[in-house]
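Structure data (mmCIF, C-alpha atoms) from coords-v2.cif:
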data_my_file
#
loop_
_atom_site.label_atom_id
_atom_site.label_comp_id
_atom_site.auth_asym_id
_atom_site.auth_seq_id
_atom_site.Cartn_x
_atom_site.Cartn_y
_atom_site.Cartn_z
CA MET A 118 164.00 -80.87 143.87
CA ILE A 119 164.06 -77.59 145.78
CA ASP A 120 165.98 -74.63 144.44
CA LEU A 121 167.05 -73.09 147.72
CA GLY A 122 167.69 -74.68 151.10
CA VAL A 123 167.76 -72.25 153.99
CA VAL A 124 168.22 -72.20 157.77
CA ALA A 125 167.45 -69.06 159.79
CA GLY A 126 168.23 -69.22 163.47
CA GLU A 127 165.93 -66.73 165.21
CA ALA A 128 163.69 -63.70 164.76
CA SER A 129 166.42 -61.47 163.29
CA GLY A 130 167.50 -64.17 160.83
CA ASP A 131 163.89 -64.72 159.84
CA LEU A 132 163.54 -61.01 159.06
CA LEU A 133 166.78 -60.89 157.07
CA GLY A 134 165.85 -64.00 155.11
CA ALA A 135 162.38 -62.75 154.25
CA HIS A 136 163.83 -59.68 152.52
CA PHE A 137 166.15 -61.49 150.14
CA ILE A 138 163.66 -64.30 149.44
CA ALA A 139 161.21 -61.62 148.31
CA ALA A 140 163.91 -60.09 146.08
CA LEU A 141 164.72 -63.47 144.53
CA LYS A 142 161.05 -64.11 143.79
CA GLN A 143 160.77 -60.90 141.79
CA THR A 144 162.79 -62.52 139.02
CA ARG A 145 162.12 -66.16 139.94
CA PRO A 146 158.45 -66.31 140.97
CA ASN A 147 158.46 -70.12 140.93
CA LEU A 148 161.46 -70.38 143.25
CA ARG A 149 161.08 -73.31 145.63
CA ALA A 150 162.67 -72.75 149.04
CA ALA A 151 162.50 -74.88 152.18
CA GLY A 152 164.26 -75.32 155.49
CA ILE A 153 164.19 -73.89 158.99
CA ALA A 154 162.20 -70.66 158.81
CA GLY A 155 160.19 -68.25 160.91
CA PRO A 156 156.83 -66.63 160.15
CA ARG A 157 158.23 -63.84 157.97
CA MET A 158 160.08 -66.28 155.72
CA VAL A 159 157.03 -68.52 155.54
CA GLU A 160 155.02 -65.50 154.45
CA ALA A 161 157.68 -64.86 151.77
CA GLY A 162 157.13 -68.40 150.45
CA VAL A 163 159.57 -70.66 152.32
CA GLU A 164 158.34 -74.10 153.37
CA ALA A 165 159.17 -74.43 157.08
CA ILE A 166 160.31 -77.95 157.87
CA TYR A 167 161.10 -76.72 161.40
CA PRO A 168 160.37 -73.30 162.94
CA SER A 169 163.27 -70.91 163.53
CA GLU A 170 162.40 -70.56 167.22
CA LYS A 171 163.79 -74.07 167.78
CA LEU A 172 167.29 -72.63 167.27
CA ALA A 173 166.78 -69.46 169.33
CA VAL A 174 169.08 -70.32 172.22
CA ASN A 175 172.32 -68.56 173.12
CA GLY A 176 175.27 -68.94 175.47
CA TYR A 177 177.12 -72.06 176.57
CA VAL A 178 174.76 -72.98 179.40
CA GLU A 179 171.57 -72.54 177.36
CA VAL A 180 172.93 -74.46 174.37
CA LEU A 181 173.96 -77.38 176.58
CA ARG A 182 170.44 -77.54 177.98
CA HIS A 183 168.92 -77.78 174.50
CA LEU A 184 171.76 -79.73 172.85
CA PRO A 185 169.97 -83.08 172.32
CA GLU A 186 167.08 -81.45 170.45
CA LEU A 187 169.42 -79.21 168.43
CA LEU A 188 171.53 -82.18 167.35
CA TRP A 189 168.44 -84.16 166.39
CA ILE A 190 167.07 -81.29 164.28
CA ARG A 191 170.42 -80.74 162.56
CA SER A 192 170.72 -84.44 161.75
CA ARG A 193 167.21 -84.55 160.27
CA ILE A 194 167.57 -81.35 158.23
CA THR A 195 171.00 -82.48 156.94
CA ARG A 196 169.51 -85.74 155.68
CA HIS A 197 166.65 -83.82 154.10
CA PHE A 198 168.95 -81.52 152.12
CA LEU A 199 171.28 -84.36 151.09
CA ARG A 200 168.25 -86.18 149.73
CA GLU A 201 166.63 -83.15 148.05
CA ARG A 202 169.93 -81.60 146.87
CA PRO A 203 169.01 -77.90 146.56
CA ARG A 204 170.87 -75.89 143.93
CA VAL A 205 172.30 -73.79 146.75
CA PHE A 206 172.02 -73.71 150.53
CA VAL A 207 171.95 -70.43 152.45
CA GLY A 208 172.67 -70.42 156.17
CA ILE A 209 171.46 -67.23 157.82
CA ASP A 210 173.42 -66.48 160.97
CA ALA A 211 173.20 -69.34 163.60
CA PRO A 212 176.87 -70.18 162.91
CA ASP A 213 177.32 -73.01 165.41
CA PHE A 214 174.35 -74.81 163.90
CA ASN A 215 174.88 -73.87 160.27
CA PHE A 216 178.62 -74.37 159.80
CA THR A 217 178.45 -78.09 160.61
CA LEU A 218 175.48 -78.46 158.28
CA GLU A 219 177.17 -76.41 155.57
CA ALA A 220 180.38 -78.46 155.76
CA LYS A 221 178.46 -81.69 155.11
CA LEU A 222 176.51 -80.18 152.24
CA LYS A 223 179.61 -78.65 150.66
CA GLN A 224 181.43 -81.96 150.92
CA ALA A 225 178.50 -83.56 149.09
CA GLY A 226 178.85 -81.04 146.25
CA ILE A 227 176.04 -78.66 147.24
CA PRO A 228 177.16 -74.98 147.11
CA THR A 229 176.86 -73.28 150.49
CA VAL A 230 176.42 -69.56 151.05
CA HIS A 231 176.50 -68.07 154.54
CA PHE A 232 174.77 -64.78 155.19
CA VAL A 233 175.90 -62.68 158.16
CA SER A 234 179.40 -63.42 159.33
CA PRO A 235 179.87 -64.52 162.92
CA SER A 236 181.73 -61.99 165.02
CA ILE A 237 185.19 -63.43 164.38
CA TRP A 238 186.48 -59.85 164.70
CA ALA A 239 185.12 -59.75 168.27
CA TRP A 240 185.84 -63.22 169.63
CA ARG A 241 186.77 -66.77 168.55
CA PRO A 242 188.85 -65.74 165.50
CA GLU A 243 189.92 -69.37 165.06
CA ARG A 244 186.50 -70.04 163.49
CA ILE A 245 187.86 -68.73 160.18
CA HIS A 246 189.36 -72.19 159.54
CA ARG A 247 186.02 -73.89 160.09
CA ILE A 248 184.33 -71.34 157.86
CA ARG A 249 186.78 -72.08 155.03
CA GLN A 250 185.81 -75.77 155.18
CA ALA A 251 182.06 -75.06 155.32
CA VAL A 252 181.34 -72.05 153.14
CA SER A 253 181.49 -71.66 149.37
CA HIS A 254 180.68 -67.93 149.55
CA MET A 255 180.32 -65.55 152.50
CA LEU A 256 177.93 -62.58 152.40
CA VAL A 257 178.88 -59.91 154.93
CA VAL A 258 176.78 -57.02 156.21
CA PHE A 259 179.53 -54.73 157.53
CA PRO A 260 182.17 -53.17 155.28
CA PHE A 261 185.18 -53.98 157.46
CA GLU A 262 184.41 -57.73 157.30
CA GLU A 263 185.19 -58.07 153.59
CA GLN A 264 188.96 -57.77 154.02
CA ILE A 265 189.02 -60.46 156.73
CA TYR A 266 187.60 -63.05 154.34
CA ARG A 267 189.62 -61.96 151.33
CA GLU A 268 192.82 -62.38 153.34
CA ALA A 269 191.65 -65.85 154.41
CA GLY A 270 191.01 -66.85 150.79
CA ILE A 271 187.24 -67.23 151.20
CA PRO A 272 185.00 -65.83 148.42
CA VAL A 273 183.11 -62.90 149.92
CA SER A 274 180.65 -60.16 148.98
CA TYR A 275 179.78 -57.09 151.00
CA VAL A 276 176.02 -56.68 150.57
CA GLY A 277 175.23 -54.06 153.20
CA HIS A 278 172.59 -54.57 155.86
CA PRO A 279 168.97 -55.19 154.81
CA LEU A 280 167.68 -53.24 157.80
CA ALA A 281 169.48 -50.13 156.53
CA ASP A 282 167.40 -50.38 153.35
CA VAL A 283 164.00 -50.69 155.03
CA ILE A 284 164.47 -48.25 157.92
CA PRO A 285 163.98 -44.64 156.73
CA LEU A 286 166.90 -42.25 156.88
CA GLU A 287 164.64 -39.78 158.67
CA PRO A 288 162.23 -41.59 161.02
CA ASP A 289 158.83 -39.98 161.59
CA THR A 290 158.76 -39.73 165.38
CA ALA A 291 155.51 -37.75 165.52
CA ALA A 292 153.64 -40.29 163.38
CA ALA A 293 154.92 -43.20 165.48
CA ARG A 294 153.80 -41.49 168.69
CA THR A 295 150.38 -40.85 167.22
CA GLU A 296 150.12 -44.49 166.13
CA LEU A 297 150.94 -45.67 169.65
CA GLY A 298 148.67 -43.13 171.34
CA LEU A 299 151.48 -41.47 173.28
CA ALA A 300 151.10 -38.12 175.02
CA SER A 301 153.71 -35.36 175.08
CA GLY A 302 156.77 -35.88 177.24
CA PRO A 303 159.88 -38.10 177.09
CA VAL A 304 159.38 -41.54 175.56
CA ILE A 305 161.71 -44.39 176.54
CA ALA A 306 161.77 -47.65 174.59
CA LEU A 307 162.62 -50.82 176.50
CA LEU A 308 163.90 -53.69 174.35
CA PRO A 309 164.88 -56.64 176.55
CA GLY A 310 165.57 -59.03 173.65
CA SER A 311 163.63 -61.46 171.48
CA ARG A 312 164.67 -64.71 173.15
CA LEU A 313 162.68 -65.76 176.22
CA SER A 314 165.92 -66.22 178.17
CA GLU A 315 166.83 -62.60 177.37
CA VAL A 316 163.42 -61.35 178.46
CA THR A 317 163.79 -63.25 181.72
CA ARG A 318 167.16 -61.63 182.42
CA HIS A 319 166.41 -58.09 181.22
CA ALA A 320 162.73 -57.23 181.58
CA ARG A 321 162.68 -56.59 185.33
CA LEU A 322 166.05 -54.81 185.11
CA MET A 323 164.70 -52.38 182.50
CA LEU A 324 161.38 -51.89 184.26
CA GLU A 325 163.12 -51.01 187.53
CA ALA A 326 165.33 -48.57 185.60
CA ALA A 327 162.15 -47.06 184.14
CA VAL A 328 160.77 -46.43 187.64
CA ARG A 329 163.92 -44.46 188.46
CA ILE A 330 163.73 -42.47 185.23
CA ARG A 331 160.16 -41.50 186.04
CA GLN A 332 161.20 -40.17 189.44
CA ARG A 333 163.15 -37.47 187.54
CA HIS A 334 160.67 -37.15 184.67
CA PRO A 335 157.13 -37.80 185.97
CA ASP A 336 155.74 -37.25 182.46
CA ALA A 337 157.93 -39.99 180.95
CA GLN A 338 156.20 -42.82 179.08
CA PHE A 339 157.58 -46.25 178.27
CA VAL A 340 157.04 -48.55 175.29
CA LEU A 341 158.05 -52.20 175.41
CA PRO A 342 157.62 -54.33 172.27
CA ALA A 343 157.20 -58.04 173.09
CA ALA A 344 158.50 -60.36 170.38
CA SER A 345 155.87 -63.02 171.17
CA GLU A 346 152.94 -63.72 173.46
CA ALA A 347 155.24 -65.89 175.57
CA ALA A 348 157.57 -62.90 175.96
CA ALA A 349 154.60 -60.69 176.87
CA ARG A 350 153.63 -63.13 179.64
CA LEU A 351 157.14 -62.97 181.08
CA ILE A 352 157.04 -59.17 181.00
CA ARG A 353 153.69 -59.10 182.82
CA GLN A 354 155.14 -61.44 185.45
CA ALA A 355 157.97 -58.92 185.98
CA MET A 356 155.55 -56.03 186.53
CA PRO A 357 154.07 -56.58 190.03
CA GLY A 358 154.95 -53.80 192.45
CA LEU A 359 155.96 -51.36 189.73
CA GLU A 360 153.81 -48.36 188.89
CA LEU A 361 154.58 -47.38 185.30
CA PRO A 362 152.79 -45.85 182.31
CA LEU A 363 153.91 -48.81 180.18
CA HIS A 364 152.67 -49.50 176.66
CA LEU A 365 153.25 -53.23 176.17
CA LEU A 366 153.20 -53.81 172.43
CA ALA A 367 152.69 -56.96 170.36
CA GLY A 368 155.83 -56.69 168.24
CA GLN A 369 156.05 -53.18 166.69
CA SER A 370 159.68 -52.78 167.74
CA HIS A 371 160.34 -50.43 164.83
CA THR A 372 157.38 -48.25 165.75
CA ALA A 373 158.61 -48.17 169.36
CA LEU A 374 162.08 -47.10 168.24
CA ALA A 375 160.72 -44.46 165.88
CA ALA A 376 158.62 -43.03 168.72
CA CYS A 377 161.22 -42.90 171.48
CA ASP A 378 163.74 -40.31 172.64
CA VAL A 379 166.08 -42.85 174.25
CA ALA A 380 166.17 -46.66 174.25
CA LEU A 381 167.36 -49.26 176.73
CA VAL A 382 168.41 -52.16 174.49
CA ALA A 383 169.70 -55.68 175.04
CA SER A 384 172.83 -56.25 172.96
CA GLY A 385 172.11 -57.74 169.55
CA THR A 386 170.50 -56.71 166.28
CA ALA A 387 168.16 -54.34 168.14
CA THR A 388 171.12 -52.07 168.94
CA LEU A 389 171.75 -51.66 165.22
CA GLU A 390 168.04 -51.01 164.65
CA ALA A 391 168.12 -48.31 167.33
CA ALA A 392 171.13 -46.70 165.65
CA LEU A 393 169.40 -46.79 162.26
CA TYR A 394 166.44 -45.03 163.85
CA LYS A 395 168.98 -42.43 165.11
CA LYS A 396 168.11 -43.04 168.77
CA PRO A 397 170.54 -42.54 171.66
CA MET A 398 170.60 -45.73 173.68
CA VAL A 399 172.00 -47.62 176.62
CA ILE A 400 173.13 -51.14 175.71
CA THR A 401 172.92 -53.85 178.34
CA TYR A 402 173.29 -57.61 178.60
CA ARG A 403 173.30 -60.32 181.21
CA VAL A 404 174.18 -63.99 180.79
CA PRO A 405 174.82 -66.79 183.31
CA ALA A 406 178.09 -66.32 185.17
CA LEU A 407 179.84 -69.27 183.52
CA THR A 408 178.89 -68.04 180.03
CA ALA A 409 180.18 -64.55 180.90
CA TYR A 410 183.48 -65.94 182.17
CA LEU A 411 184.07 -68.02 179.04
CA MET A 412 183.11 -65.22 176.66
CA ARG A 413 185.32 -62.66 178.39
CA LYS A 414 188.33 -64.94 178.04
CA LYS A 415 187.83 -65.02 174.26
CA ALA A 416 186.83 -61.38 173.71
CA LEU A 417 188.94 -59.36 171.25
CA LEU A 418 187.14 -56.01 171.42
CA PRO A 419 186.21 -53.70 174.31
CA TRP A 420 182.64 -53.29 172.95
CA ILE A 421 179.67 -55.63 172.61
CA GLY A 422 177.13 -53.30 170.96
CA LEU A 423 177.06 -53.02 167.17
CA PRO A 424 176.91 -49.18 167.12
CA ASN A 425 180.10 -49.07 169.19
CA ILE A 426 181.81 -51.75 167.11
CA LEU A 427 180.97 -49.88 163.91
CA GLY A 428 182.02 -46.58 165.45
CA ARG A 429 185.18 -48.10 166.99
CA ASP A 430 184.40 -46.18 170.17
CA PHE A 431 181.94 -46.01 173.06
CA VAL A 432 179.43 -44.00 171.06
CA VAL A 433 176.79 -45.17 173.55
CA PRO A 434 177.20 -46.60 177.07
CA GLU A 435 177.29 -50.35 177.69
CA ARG A 436 176.21 -51.95 180.96
CA VAL A 437 177.05 -55.64 181.15
CA GLN A 438 176.71 -58.30 183.85
CA GLU A 439 177.27 -56.89 187.37
CA ASP A 440 177.41 -53.37 185.88
CA ALA A 441 173.88 -53.85 184.53
CA THR A 442 171.88 -52.37 187.41
CA PRO A 443 168.65 -50.36 187.36
CA GLU A 444 170.55 -47.38 188.79
CA ASN A 445 173.19 -47.41 186.06
CA LEU A 446 170.70 -47.85 183.23
CA ALA A 447 168.51 -45.06 184.59
CA ASN A 448 171.43 -42.67 185.09
CA ASP A 449 172.72 -43.32 181.57
CA ALA A 450 169.27 -42.75 180.06
CA LEU A 451 168.81 -39.55 182.07
CA ALA A 452 172.21 -38.33 180.89
CA TRP A 453 170.99 -38.63 177.29
CA LEU A 454 167.75 -36.82 178.07
CA ASP A 455 169.60 -33.98 179.79
CA ASP A 456 172.26 -33.34 177.12
CA ALA A 457 170.86 -32.18 173.77
CA PRO A 458 174.26 -31.52 172.07
CA ARG A 459 175.42 -35.04 172.96
CA ARG A 460 172.20 -36.48 171.53
CA GLU A 461 172.68 -34.54 168.28
CA ALA A 462 176.28 -35.73 167.95
CA ALA A 463 175.17 -39.36 168.37
CA ILE A 464 172.40 -38.87 165.81
CA GLU A 465 174.91 -37.59 163.23
CA THR A 466 177.15 -40.60 163.90
CA PHE A 467 174.20 -42.93 163.39
CA ARG A 468 173.23 -41.18 160.15
CA ALA A 469 176.72 -41.80 158.73
CA MET A 470 176.49 -45.46 159.78
CA HIS A 471 173.13 -45.76 158.06
CA LEU A 472 174.43 -44.38 154.78
CA SER A 473 177.43 -46.75 154.79
CA LEU A 474 175.20 -49.79 155.36
CA ARG A 475 172.48 -48.83 152.86
CA GLN A 476 173.51 -50.86 149.80
CA ASP A 477 170.22 -52.43 148.57
CA ALA A 478 171.25 -55.64 150.31
CA SER A 479 168.40 -57.85 149.11
CA ALA A 480 169.25 -57.10 145.47
CA ARG A 481 172.95 -57.72 146.12
CA ILE A 482 172.17 -61.05 147.82
CA ALA A 483 169.89 -62.07 144.97
CA GLU A 484 172.66 -61.16 142.53
CA ALA A 485 175.21 -63.26 144.46
CA LEU A 486 172.85 -66.25 144.51
CA GLY A 487 171.89 -65.88 140.85
CA PRO A 488 174.69 -68.01 139.35
CA TYR A 489 173.75 -70.91 141.64
CA LEU A 490 170.07 -70.69 140.69
CA GLU A 491 170.42 -70.52 136.92
CA GLY A 492 167.69 -72.61 135.39
CA ALA A 493 165.57 -72.53 138.55
#
Turn the structure described in the file into structure tokens.
Amino acid sequence: MIDLGVVAGEASGDLLGAHFIAALKQTRPNLRAAGIAGPRMVEAGVEAIYPSEKLAVNGYVEVLRHLPELLWIRSRITRHFLRERPRVFVGIDAPDFNFTLEAKLKQAGIPTVHFVSPSIWAWRPERIHRIRQAVSHMLVVFPFEEQIYREAGIPVSYVGHPLADVIPLEPDTAAARTELGLASGPVIALLPGSRLSEVTRHARLMLEAAVRIRQRHPDAQFVLPAASEAAARLIRQAMPGLELPLHLLAGQSHTALAACDVALVASGTATLEAALYKKPMVITYRVPALTAYLMRKKALLPWIGLPNILGRDFVVPERVQEDATPENLANDALAWLDDAPRREAAIETFRAMHLSLRQDASARIAEALGPYLEGA
């Protein structure tokens, strides 16, 4: 019998899961955990029945393309957990995959905890009904989410965001630049996303924006952390014809953010990471036209980036779909570089966000899971 079943959907879920697994093991060193996990969770002691990268697809079109494999994996992992009957199951993000799995486990009497609420406050609010059927306890990472679940009658705990605990309140920019071997002058971080589909859509866009930034600032340098070797290959394929002082990194996204003055960031967890590193940014995103059309019809908020959602305002610019051009991204980045008071105001906003999210999340998650794991 395993103590903890877990499914993490992609690189960010793998990172979040690794933190609370490590916290659980401090008091339960013999904890047995298994499921769908990435390399960080495996390192923390989770047995990976399938790798997290199998679930790292997004958008209607992409999901349809991978649907047969996703359904097969979900069927197999469901049968595995029903046979092994973990004391508790934790679904980390990946709501479309996890909620169906969680509903079947909950119906079979296995407690289900979901960590990281889907963005029901941004789009598809009707999912709250599905969540009620699937989830025994919801763990939320943003303070405003707690009331939504309380009003819906779903047990909920605000745990804060694990990244706010591990990212320093005052990043050491000089040390990060030394580590990366960067010279003096403006440093721009380019973060096109962790999924290969995101890299395909955003890498060339950001690189072309970088060329335009360098026309104004010839001493500018650029750092681009690749989430995998496959991502690095795609980035190299986007490079021909572009003359740039580019530092292509193997991972090291946090070092890149610590080192930079401004970041160009694909919408997602990386935008929150950039805010926690107190970095002015330009948020961008592109998806296939059909996906964009369907998502816009269901959107509830005018923002897509987490710093703007948390700030309830356009704290940083967003460039989405047809508005995501190299010219727009470059102009927005240059506007940050040229306006020191605006940069300082954004940094103060990000510092307040950081303090509100810094709640020792891993300990809070471990505490919430404790009653389910008694005797483990």
Excluding Val340 (chain A) and residues on its chain fewer than 3 positions from it, collect all residues at most 10 Å away from it, counting only C-alpha atoms, and give them as a PDB file with C-alpha atoms, in the coordinates of the input.
ATOM      1  CA  LEU A 297     150.940 -45.670 169.650  1.00  0.00           C
ATOM      2  CA  LEU A 299     151.480 -41.470 173.280  1.00  0.00           C
ATOM      3  CA  VAL A 304     159.380 -41.540 175.560  1.00  0.00           C
ATOM      4  CA  ILE A 305     161.710 -44.390 176.540  1.00  0.00           C
ATOM      5  CA  ALA A 306     161.770 -47.650 174.590  1.00  0.00           C
ATOM      6  CA  LEU A 307     162.620 -50.820 176.500  1.00  0.00           C
ATOM      7  CA  LEU A 308     163.900 -53.690 174.350  1.00  0.00           C
ATOM      8  CA  ALA A 343     157.200 -58.040 173.090  1.00  0.00           C
ATOM      9  CA  PRO A 362     152.790 -45.850 182.310  1.00  0.00           C
ATOM     10  CA  LEU A 363     153.910 -48.810 180.180  1.00  0.00           C
ATOM     11  CA  HIS A 364     152.670 -49.500 176.660  1.00  0.00           C
ATOM     12  CA  LEU A 365     153.250 -53.230 176.170  1.00  0.00           C
ATOM     13  CA  LEU A 366     153.200 -53.810 172.430  1.00  0.00           C
ATOM     14  CA  GLN A 369     156.050 -53.180 166.690  1.00  0.00           C
ATOM     15  CA  SER A 370     159.680 -52.780 167.740  1.00  0.00           C
ATOM     16  CA  THR A 372     157.380 -48.250 165.750  1.00  0.00           C
ATOM     17  CA  ALA A 373     158.610 -48.170 169.360  1.00  0.00           C
ATOM     18  CA  LEU A 374     162.080 -47.100 168.240  1.00  0.00           C
ATOM     19  CA  ALA A 376     158.620 -43.030 168.720  1.00  0.00           C
ATOM     20  CA  CYS A 377     161.220 -42.900 171.480  1.00  0.00           C
ATOM     21  CA  ALA A 380     166.170 -46.660 174.250  1.00  0.00           C
TER      22      ALA A 380
END
*Result set, the PyMOL selection byres ((chain A and resi 161-172) around 8) on current file, as a PyMOL selection string*: chain A and resi 124-128+131+135+138-139+149-155+157-160+173-174+187+211
*Explicit residue set for the PyMOL selection byres ((chain A and resi 381-383) around 8), as a count of residues only*: 22
*Restricting the calculation to only C-alpha atoms, which member of A:Pro146, A:Gly358, A:Gly270, A:Pro434 is positioned closest to Ile421 (chain A)?*
A:Pro434
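Listed by chain and then by number, the residues chosen by the PyMOL selection byres ((chain A and resi 462-471) around 8) in this file are Ala281, Leu286, Ala392, Leu393, Lys395, Lys396, Pro397, Pro424, Leu427, Gly428, Val432, Val433, Pro458, Arg459, Arg460, Glu461, Leu472, Ser473, Leu474 and Arg475 of chain A.
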*Residue contacts of Ala375 (chain A) (9 Å, all atoms listed in the file) excluding same-chain residues fewer than 4 positions away, as number ranges by chain*: A: 288-294, 370-371, 391, 394-396
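One finds CA of Ile330 (chain A) at 22.2 Å from CA of Phe431 (chain A).
Comparing A:Val316, A:Leu454, A:Glu186, A:Ser253 by their smallest distance to Ala349 (chain A), the closest is A:Val316 (using only C-alpha atoms).
Going from CA of Gln143 (chain A) to CA of Pro156 (chain A) covers 19.6 Å.
Proximity ranking of A:Leu490, A:Val276, A:Ala327, A:Ala480 relative to Gly122 (chain A) places A:Leu490 first, based on all atoms listed in the file.
Of the residues under consideration (A:Arg241, A:Pro303, A:Arg318, A:Ile194), A:Pro303 shows the shortest atom-to-atom contact distance to Trp453 (chain A) when counting all atoms listed in the file.
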Selection near Gly302 (chain A), 10 Å with all atoms listed in the file, sequence-local residues under 5 positions removed, as a PDB file with C-alpha atoms, in the coordinates of the input:
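The resulting file, result04.pdb, is reproduced below:
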ATOM      1  CA  HIS A 334     160.670 -37.150 184.670  1.00  0.00           C
ATOM      2  CA  PRO A 335     157.130 -37.800 185.970  1.00  0.00           C
ATOM      3  CA  ASP A 336     155.740 -37.250 182.460  1.00  0.00           C
ATOM      4  CA  ALA A 337     157.930 -39.990 180.950  1.00  0.00           C
ATOM      5  CA  GLN A 338     156.200 -42.820 179.080  1.00  0.00           C
ATOM      6  CA  ASP A 378     163.740 -40.310 172.640  1.00  0.00           C
TER       7      ASP A 378
END
